[in-house]
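Containing mmCIF, all heavy atoms: my_file04.cif.
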```cif
data_start
loop_
_atom_site.label_atom_id
_atom_site.label_comp_id
_atom_site.auth_asym_id
_atom_site.auth_seq_id
_atom_site.Cartn_x
_atom_site.Cartn_y
_atom_site.Cartn_z
N MET G 1 -8.99 42.05 35.91
CA MET G 1 -8.59 41.52 34.62
C MET G 1 -7.29 42.19 34.20
O MET G 1 -7.15 43.40 34.25
CB MET G 1 -9.67 41.79 33.58
CG MET G 1 -10.89 40.98 33.87
SD MET G 1 -12.29 40.94 32.84
CE MET G 1 -12.19 41.60 31.39
N SER G 2 -6.38 41.38 33.78
CA SER G 2 -5.11 41.91 33.30
C SER G 2 -4.66 41.09 32.10
O SER G 2 -5.13 39.97 31.88
CB SER G 2 -4.05 41.85 34.40
OG SER G 2 -3.74 40.50 34.68
N ILE G 3 -3.75 41.64 31.35
CA ILE G 3 -3.26 40.93 30.18
C ILE G 3 -2.51 39.68 30.61
O ILE G 3 -2.67 38.61 29.99
CB ILE G 3 -2.36 41.86 29.33
CG1 ILE G 3 -3.19 43.02 28.79
CG2 ILE G 3 -1.71 41.08 28.20
CD1 ILE G 3 -2.37 44.07 28.06
N THR G 4 -1.73 39.78 31.68
CA THR G 4 -0.98 38.61 32.13
C THR G 4 -1.92 37.49 32.58
O THR G 4 -1.68 36.32 32.30
CB THR G 4 -0.02 38.97 33.27
OG1 THR G 4 -0.75 39.57 34.33
CG2 THR G 4 1.08 39.88 32.81
N GLY G 5 -2.99 37.87 33.23
CA GLY G 5 -3.96 36.86 33.68
C GLY G 5 -4.75 36.26 32.53
O GLY G 5 -5.05 35.06 32.52
N ASP G 6 -5.11 37.09 31.54
CA ASP G 6 -5.91 36.62 30.42
C ASP G 6 -5.12 35.74 29.46
O ASP G 6 -5.66 34.80 28.89
CB ASP G 6 -6.49 37.80 29.63
CG ASP G 6 -7.57 38.54 30.41
OD1 ASP G 6 -8.08 37.97 31.40
OD2 ASP G 6 -7.90 39.67 30.02
N THR G 7 -3.84 36.07 29.27
CA THR G 7 -3.05 35.36 28.26
C THR G 7 -2.09 34.33 28.84
O THR G 7 -1.66 33.42 28.14
CB THR G 7 -2.21 36.35 27.43
OG1 THR G 7 -1.31 37.02 28.31
CG2 THR G 7 -3.09 37.34 26.70
N GLY G 8 -1.74 34.50 30.11
CA GLY G 8 -0.77 33.61 30.72
C GLY G 8 0.67 34.00 30.40
O GLY G 8 1.61 33.31 30.76
N TRP G 9 0.85 35.13 29.71
CA TRP G 9 2.19 35.61 29.38
C TRP G 9 2.76 36.34 30.58
O TRP G 9 2.04 36.94 31.37
CB TRP G 9 2.15 36.55 28.19
CG TRP G 9 1.65 35.95 26.93
CD1 TRP G 9 1.50 34.63 26.63
CD2 TRP G 9 1.20 36.66 25.78
NE1 TRP G 9 1.00 34.48 25.37
CE2 TRP G 9 0.80 35.70 24.82
CE3 TRP G 9 1.09 38.00 25.47
CZ2 TRP G 9 0.31 36.06 23.57
CZ3 TRP G 9 0.62 38.36 24.22
CH2 TRP G 9 0.23 37.39 23.30
N SER G 10 4.07 36.35 30.70
CA SER G 10 4.71 37.06 31.80
C SER G 10 4.74 38.56 31.50
O SER G 10 4.63 39.00 30.35
CB SER G 10 6.14 36.55 32.00
OG SER G 10 6.94 36.87 30.88
N ALA G 11 4.92 39.34 32.55
CA ALA G 11 4.96 40.80 32.40
C ALA G 11 6.11 41.25 31.49
O ALA G 11 5.92 42.14 30.66
CB ALA G 11 5.04 41.46 33.76
N PRO G 12 7.32 40.66 31.60
CA PRO G 12 8.39 41.08 30.69
C PRO G 12 8.07 40.82 29.21
O PRO G 12 8.43 41.62 28.34
CB PRO G 12 9.61 40.26 31.13
CG PRO G 12 9.34 39.95 32.56
CD PRO G 12 7.85 39.79 32.65
N VAL G 13 7.39 39.74 28.91
CA VAL G 13 7.02 39.45 27.53
C VAL G 13 6.04 40.49 27.01
O VAL G 13 6.16 40.99 25.88
CB VAL G 13 6.42 38.02 27.40
CG1 VAL G 13 5.79 37.80 26.04
CG2 VAL G 13 7.48 36.98 27.68
N ILE G 14 5.07 40.85 27.82
CA ILE G 14 4.08 41.85 27.42
C ILE G 14 4.74 43.22 27.25
O ILE G 14 4.48 43.93 26.28
CB ILE G 14 2.93 41.91 28.44
CG1 ILE G 14 2.16 40.58 28.40
CG2 ILE G 14 2.01 43.08 28.19
CD1 ILE G 14 1.20 40.39 29.52
N THR G 15 5.63 43.56 28.17
CA THR G 15 6.35 44.84 28.07
C THR G 15 7.19 44.89 26.80
O THR G 15 7.23 45.91 26.11
CB THR G 15 7.24 45.04 29.31
OG1 THR G 15 6.41 45.00 30.47
CG2 THR G 15 7.97 46.35 29.25
N THR G 16 7.86 43.79 26.49
CA THR G 16 8.67 43.72 25.27
C THR G 16 7.80 43.88 24.03
O THR G 16 8.16 44.60 23.10
CB THR G 16 9.45 42.40 25.21
OG1 THR G 16 10.28 42.30 26.37
CG2 THR G 16 10.29 42.31 23.96
N ALA G 17 6.65 43.21 24.01
CA ALA G 17 5.75 43.32 22.86
C ALA G 17 5.28 44.75 22.66
O ALA G 17 5.28 45.26 21.53
CB ALA G 17 4.56 42.38 23.05
N PHE G 18 4.88 45.42 23.73
CA PHE G 18 4.45 46.81 23.61
C PHE G 18 5.61 47.71 23.18
O PHE G 18 5.43 48.62 22.38
CB PHE G 18 3.86 47.31 24.92
CG PHE G 18 2.43 46.89 25.13
CD1 PHE G 18 2.09 46.07 26.19
CD2 PHE G 18 1.43 47.30 24.27
CE1 PHE G 18 0.77 45.67 26.38
CE2 PHE G 18 0.11 46.91 24.45
CZ PHE G 18 -0.21 46.10 25.52
N SER G 19 6.80 47.45 23.70
CA SER G 19 7.97 48.25 23.33
C SER G 19 8.31 48.09 21.86
O SER G 19 8.63 49.07 21.17
CB SER G 19 9.17 47.86 24.19
OG SER G 19 8.92 48.14 25.55
N VAL G 20 8.25 46.87 21.35
CA VAL G 20 8.51 46.62 19.93
C VAL G 20 7.47 47.34 19.07
O VAL G 20 7.80 47.93 18.04
CB VAL G 20 8.54 45.11 19.64
CG1 VAL G 20 8.53 44.82 18.15
CG2 VAL G 20 9.75 44.47 20.29
N GLY G 21 6.23 47.32 19.50
CA GLY G 21 5.18 48.03 18.77
C GLY G 21 5.42 49.52 18.74
O GLY G 21 5.25 50.17 17.70
N GLN G 22 5.84 50.09 19.85
CA GLN G 22 6.13 51.52 19.90
C GLN G 22 7.33 51.87 19.03
O GLN G 22 7.35 52.90 18.35
CB GLN G 22 6.39 51.96 21.34
CG GLN G 22 5.15 51.95 22.20
CD GLN G 22 4.11 52.93 21.71
OE1 GLN G 22 4.41 54.08 21.40
NE2 GLN G 22 2.88 52.48 21.61
N LEU G 23 8.34 51.01 19.03
CA LEU G 23 9.52 51.23 18.19
C LEU G 23 9.15 51.17 16.71
O LEU G 23 9.59 52.01 15.91
CB LEU G 23 10.59 50.19 18.50
CG LEU G 23 11.90 50.31 17.74
CD1 LEU G 23 12.57 51.64 18.03
CD2 LEU G 23 12.82 49.15 18.09
N ALA G 24 8.31 50.21 16.33
CA ALA G 24 7.86 50.11 14.94
C ALA G 24 7.08 51.36 14.53
O ALA G 24 7.26 51.88 13.42
CB ALA G 24 7.00 48.86 14.76
N THR G 25 6.25 51.85 15.42
CA THR G 25 5.50 53.07 15.14
C THR G 25 6.43 54.26 14.96
O THR G 25 6.26 55.07 14.05
CB THR G 25 4.50 53.35 16.28
OG1 THR G 25 3.61 52.24 16.39
CG2 THR G 25 3.71 54.62 16.04
N ALA G 26 7.44 54.36 15.82
CA ALA G 26 8.39 55.46 15.73
C ALA G 26 9.19 55.40 14.43
O ALA G 26 9.44 56.43 13.79
CB ALA G 26 9.34 55.43 16.92
N LEU G 27 9.58 54.21 14.02
CA LEU G 27 10.39 54.07 12.81
C LEU G 27 9.60 54.31 11.53
O LEU G 27 10.15 54.75 10.53
CB LEU G 27 11.04 52.68 12.76
CG LEU G 27 12.10 52.42 13.82
CD1 LEU G 27 12.57 50.97 13.76
CD2 LEU G 27 13.27 53.37 13.68
N THR G 28 8.33 54.02 11.55
CA THR G 28 7.52 54.21 10.34
C THR G 28 6.84 55.58 10.30
O THR G 28 6.39 56.01 9.24
CB THR G 28 6.43 53.13 10.22
OG1 THR G 28 5.60 53.17 11.38
CG2 THR G 28 7.04 51.75 10.05
N GLY G 29 6.80 56.28 11.42
CA GLY G 29 6.11 57.57 11.47
C GLY G 29 6.68 58.61 10.55
O GLY G 29 5.95 59.31 9.84
N ILE G 30 7.99 58.74 10.53
CA ILE G 30 8.62 59.77 9.70
C ILE G 30 8.44 59.48 8.21
O ILE G 30 8.02 60.36 7.45
CB ILE G 30 10.09 59.97 10.09
CG1 ILE G 30 10.14 60.60 11.48
CG2 ILE G 30 10.83 60.83 9.07
CD1 ILE G 30 11.52 60.71 12.07
N PRO G 31 8.74 58.26 7.74
CA PRO G 31 8.52 57.99 6.31
C PRO G 31 7.06 58.17 5.88
O PRO G 31 6.78 58.72 4.82
CB PRO G 31 8.97 56.55 6.12
CG PRO G 31 9.88 56.26 7.25
CD PRO G 31 9.41 57.12 8.38
N VAL G 32 6.14 57.74 6.71
CA VAL G 32 4.73 57.89 6.38
C VAL G 32 4.35 59.37 6.34
O VAL G 32 3.62 59.82 5.45
CB VAL G 32 3.84 57.11 7.37
CG1 VAL G 32 2.37 57.48 7.20
CG2 VAL G 32 4.04 55.62 7.19
N GLY G 33 4.87 60.14 7.28
CA GLY G 33 4.61 61.58 7.28
C GLY G 33 5.13 62.26 6.02
O GLY G 33 4.48 63.14 5.47
N ARG G 34 6.30 61.83 5.57
CA ARG G 34 6.86 62.41 4.34
C ARG G 34 6.00 62.07 3.13
O ARG G 34 5.80 62.91 2.25
CB ARG G 34 8.28 61.93 4.14
CG ARG G 34 9.23 62.56 5.13
CD ARG G 34 10.64 62.13 4.92
NE ARG G 34 11.50 62.79 5.91
CZ ARG G 34 12.69 62.36 6.25
NH1 ARG G 34 13.19 61.28 5.68
NH2 ARG G 34 13.40 63.00 7.15
N VAL G 35 5.50 60.84 3.09
CA VAL G 35 4.61 60.45 1.99
C VAL G 35 3.34 61.29 2.04
O VAL G 35 2.85 61.77 1.01
CB VAL G 35 4.28 58.94 2.05
CG1 VAL G 35 3.16 58.58 1.08
CG2 VAL G 35 5.52 58.12 1.75
N LEU G 36 2.81 61.49 3.23
CA LEU G 36 1.60 62.30 3.37
C LEU G 36 1.84 63.74 2.93
O LEU G 36 0.95 64.38 2.38
CB LEU G 36 1.09 62.27 4.81
CG LEU G 36 0.46 60.95 5.26
CD1 LEU G 36 0.17 61.00 6.75
CD2 LEU G 36 -0.78 60.64 4.48
N ASP G 37 3.04 64.25 3.19
CA ASP G 37 3.36 65.62 2.77
C ASP G 37 3.47 65.72 1.25
O ASP G 37 3.14 66.75 0.67
CB ASP G 37 4.66 66.09 3.40
CG ASP G 37 4.49 66.44 4.86
OD1 ASP G 37 3.33 66.63 5.29
OD2 ASP G 37 5.51 66.51 5.57
N ARG G 38 3.97 64.66 0.61
CA ARG G 38 4.17 64.68 -0.85
C ARG G 38 2.90 64.40 -1.63
O ARG G 38 2.66 64.96 -2.69
CB ARG G 38 5.22 63.63 -1.23
CG ARG G 38 6.52 64.26 -1.60
CD ARG G 38 7.48 63.24 -2.11
NE ARG G 38 8.51 63.13 -1.08
CZ ARG G 38 9.05 62.02 -0.66
NH1 ARG G 38 8.70 60.90 -1.19
NH2 ARG G 38 9.95 62.02 0.27
N ILE G 39 2.11 63.47 -1.12
CA ILE G 39 0.90 63.05 -1.81
C ILE G 39 -0.29 63.57 -1.00
O ILE G 39 -0.17 63.85 0.17
CB ILE G 39 0.84 61.50 -1.90
CG1 ILE G 39 2.09 60.98 -2.59
CG2 ILE G 39 -0.39 61.03 -2.63
CD1 ILE G 39 2.21 59.47 -2.56
N ALA G 40 -1.41 63.63 -1.63
CA ALA G 40 -2.61 64.09 -0.93
C ALA G 40 -2.92 63.17 0.25
O ALA G 40 -3.08 61.97 0.06
CB ALA G 40 -3.79 64.12 -1.89
N PRO G 41 -2.99 63.70 1.46
CA PRO G 41 -3.25 62.86 2.64
C PRO G 41 -4.54 62.05 2.53
O PRO G 41 -4.59 60.90 2.95
CB PRO G 41 -3.35 63.86 3.79
CG PRO G 41 -2.59 65.05 3.33
CD PRO G 41 -2.77 65.09 1.84
N ARG G 42 -5.55 62.64 1.95
CA ARG G 42 -6.82 61.92 1.82
C ARG G 42 -6.66 60.67 0.95
O ARG G 42 -7.20 59.62 1.25
CB ARG G 42 -7.89 62.84 1.25
CG ARG G 42 -9.24 62.16 1.14
CD ARG G 42 -10.31 63.12 0.79
NE ARG G 42 -10.55 63.96 1.98
CZ ARG G 42 -11.40 64.93 2.04
NH1 ARG G 42 -12.12 65.26 0.98
NH2 ARG G 42 -11.57 65.62 3.13
N LEU G 43 -5.87 60.79 -0.12
CA LEU G 43 -5.63 59.65 -1.01
C LEU G 43 -4.88 58.54 -0.28
O LEU G 43 -5.25 57.37 -0.36
CB LEU G 43 -4.84 60.11 -2.24
CG LEU G 43 -4.45 59.03 -3.24
CD1 LEU G 43 -5.68 58.46 -3.91
CD2 LEU G 43 -3.49 59.62 -4.26
N VAL G 44 -3.85 58.90 0.47
CA VAL G 44 -3.07 57.90 1.20
C VAL G 44 -3.93 57.21 2.26
O VAL G 44 -3.92 55.99 2.39
CB VAL G 44 -1.82 58.54 1.83
CG1 VAL G 44 -1.09 57.54 2.71
CG2 VAL G 44 -0.90 59.09 0.76
N MET G 45 -4.66 57.98 3.02
CA MET G 45 -5.50 57.40 4.08
C MET G 45 -6.61 56.53 3.50
O MET G 45 -6.95 55.50 4.07
CB MET G 45 -6.09 58.51 4.95
CG MET G 45 -5.07 59.24 5.74
SD MET G 45 -4.14 58.09 6.76
CE MET G 45 -3.28 59.21 7.81
N THR G 46 -7.14 56.90 2.36
CA THR G 46 -8.16 56.08 1.70
C THR G 46 -7.55 54.76 1.25
O THR G 46 -8.17 53.71 1.39
CB THR G 46 -8.77 56.83 0.50
OG1 THR G 46 -9.35 58.05 0.97
CG2 THR G 46 -9.82 56.00 -0.19
N ALA G 47 -6.33 54.80 0.73
CA ALA G 47 -5.66 53.57 0.29
C ALA G 47 -5.40 52.65 1.48
O ALA G 47 -5.62 51.43 1.40
CB ALA G 47 -4.36 53.92 -0.42
N VAL G 48 -4.97 53.21 2.59
CA VAL G 48 -4.72 52.41 3.79
C VAL G 48 -6.02 51.80 4.30
O VAL G 48 -6.09 50.62 4.62
CB VAL G 48 -4.05 53.25 4.89
CG1 VAL G 48 -4.02 52.52 6.22
CG2 VAL G 48 -2.65 53.66 4.47
N ARG G 49 -7.04 52.61 4.33
CA ARG G 49 -8.34 52.13 4.81
C ARG G 49 -8.86 51.01 3.92
O ARG G 49 -9.39 50.01 4.40
CB ARG G 49 -9.32 53.31 4.83
CG ARG G 49 -10.70 52.99 5.23
CD ARG G 49 -10.82 52.99 6.70
NE ARG G 49 -12.22 52.79 7.03
CZ ARG G 49 -12.67 52.77 8.23
NH1 ARG G 49 -11.86 52.96 9.23
NH2 ARG G 49 -13.93 52.58 8.47
N SER G 50 -8.71 51.16 2.60
CA SER G 50 -9.16 50.14 1.66
C SER G 50 -8.39 48.84 1.84
O SER G 50 -8.97 47.76 1.79
CB SER G 50 -9.00 50.63 0.22
OG SER G 50 -9.80 51.76 0.00
N SER G 51 -7.09 48.94 2.07
CA SER G 51 -6.30 47.72 2.24
C SER G 51 -6.69 47.00 3.52
O SER G 51 -6.70 45.78 3.57
CB SER G 51 -4.80 48.05 2.25
OG SER G 51 -4.45 48.75 3.42
N ARG G 52 -7.03 47.73 4.55
CA ARG G 52 -7.49 47.10 5.79
C ARG G 52 -8.84 46.42 5.58
O ARG G 52 -9.10 45.37 6.13
CB ARG G 52 -7.60 48.13 6.91
CG ARG G 52 -6.28 48.55 7.44
CD ARG G 52 -6.46 49.46 8.60
NE ARG G 52 -5.17 49.81 9.17
CZ ARG G 52 -5.02 50.64 10.15
NH1 ARG G 52 -6.06 51.24 10.67
NH2 ARG G 52 -3.83 50.91 10.61
N TRP G 53 -9.70 47.05 4.81
CA TRP G 53 -11.02 46.47 4.56
C TRP G 53 -10.88 45.14 3.82
O TRP G 53 -11.53 44.17 4.16
CB TRP G 53 -11.87 47.44 3.75
CG TRP G 53 -13.25 46.92 3.49
CD1 TRP G 53 -14.30 46.94 4.34
CD2 TRP G 53 -13.72 46.30 2.29
NE1 TRP G 53 -15.40 46.38 3.75
CE2 TRP G 53 -15.07 45.96 2.49
CE3 TRP G 53 -13.13 45.97 1.07
CZ2 TRP G 53 -15.82 45.33 1.52
CZ3 TRP G 53 -13.89 45.35 0.11
CH2 TRP G 53 -15.22 45.03 0.33
N TRP G 54 -9.99 45.08 2.82
CA TRP G 54 -9.82 43.85 2.06
C TRP G 54 -9.22 42.75 2.91
O TRP G 54 -9.53 41.58 2.73
CB TRP G 54 -8.93 44.09 0.83
CG TRP G 54 -9.66 44.79 -0.25
CD1 TRP G 54 -9.47 46.07 -0.67
CD2 TRP G 54 -10.73 44.28 -1.06
NE1 TRP G 54 -10.34 46.39 -1.67
CE2 TRP G 54 -11.12 45.31 -1.94
CE3 TRP G 54 -11.38 43.06 -1.13
CZ2 TRP G 54 -12.14 45.14 -2.86
CZ3 TRP G 54 -12.39 42.89 -2.04
CH2 TRP G 54 -12.77 43.91 -2.90
N ARG G 55 -8.35 43.10 3.85
CA ARG G 55 -7.75 42.08 4.71
C ARG G 55 -8.79 41.47 5.66
O ARG G 55 -8.66 40.30 6.04
CB ARG G 55 -6.64 42.69 5.56
CG ARG G 55 -5.29 42.45 4.98
CD ARG G 55 -4.21 42.79 5.96
NE ARG G 55 -4.35 44.18 6.36
CZ ARG G 55 -3.77 44.72 7.39
NH1 ARG G 55 -3.01 44.01 8.16
NH2 ARG G 55 -3.94 46.00 7.68
N CYS G 56 -9.77 42.24 6.05
CA CYS G 56 -10.78 41.76 6.99
C CYS G 56 -11.78 40.82 6.33
O CYS G 56 -12.52 40.12 7.00
CB CYS G 56 -11.50 42.93 7.63
SG CYS G 56 -10.47 43.91 8.70
N ARG G 57 -11.87 40.82 5.05
CA ARG G 57 -12.85 40.01 4.34
C ARG G 57 -12.42 38.59 4.20
O ARG G 57 -11.47 38.09 4.10
CB ARG G 57 -13.14 40.61 2.97
CG ARG G 57 -13.83 41.92 3.07
CD ARG G 57 -15.25 41.66 3.01
NE ARG G 57 -15.98 42.84 3.45
CZ ARG G 57 -17.27 42.82 3.53
NH1 ARG G 57 -17.95 41.78 3.20
NH2 ARG G 57 -17.91 43.87 3.94
#
```

Represent the structure from my file as structure tokens, please.
Amino acid sequence: MSITGDTGWSAPVITTAFSVGQLATALTGIPVGRVLDRIAPRLVMTAVRSSRWWRCR
């Protein structure tokens, strides 16, 4: 089982998608870390968790 076989997407498309995801994570990591340093980490993580819960409903 592979992603290319399951989805029918080519390997370059899958590689690009993963690369874009990693780039987005890298770009948002520093700002999110700064927010966590300024505000209580538990409060921020609870807010993120709550927003994910509401989206799933």

Box along x, y and z, 6 Å on every side, all listed atoms of stretch 21-31 of chain G inside: centre and edge lengths in Å to one decimal, as lines of an AutoDock Vina configuration file.
```
center_x = 8.1
center_y = 54.1
center_z = 13.5
size_x = 22.4
size_y = 25.5
size_z = 29.4
```

Pairwise distance for atom CG2 of G:Val20 and atom CA of G:Ser50, rounded to one decimal in Å: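 Going from atom CG2 of G:Val20 over to atom CA of G:Ser50, I get 27.1 Å.
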
Discussion item. Please report the interatomic distance between atom CA of G:Ser51 and atom CA of G:Ser19 in Å with one decimal.
Written reply: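 Rounded to one decimal, the two atoms are 25.5 Å apart.
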
Worksheet item: In Å, how far is it from atom CA of G:Thr16 to atom CA of G:Val35?
Response: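 That distance, rounded to one decimal, is 29.0 Å.
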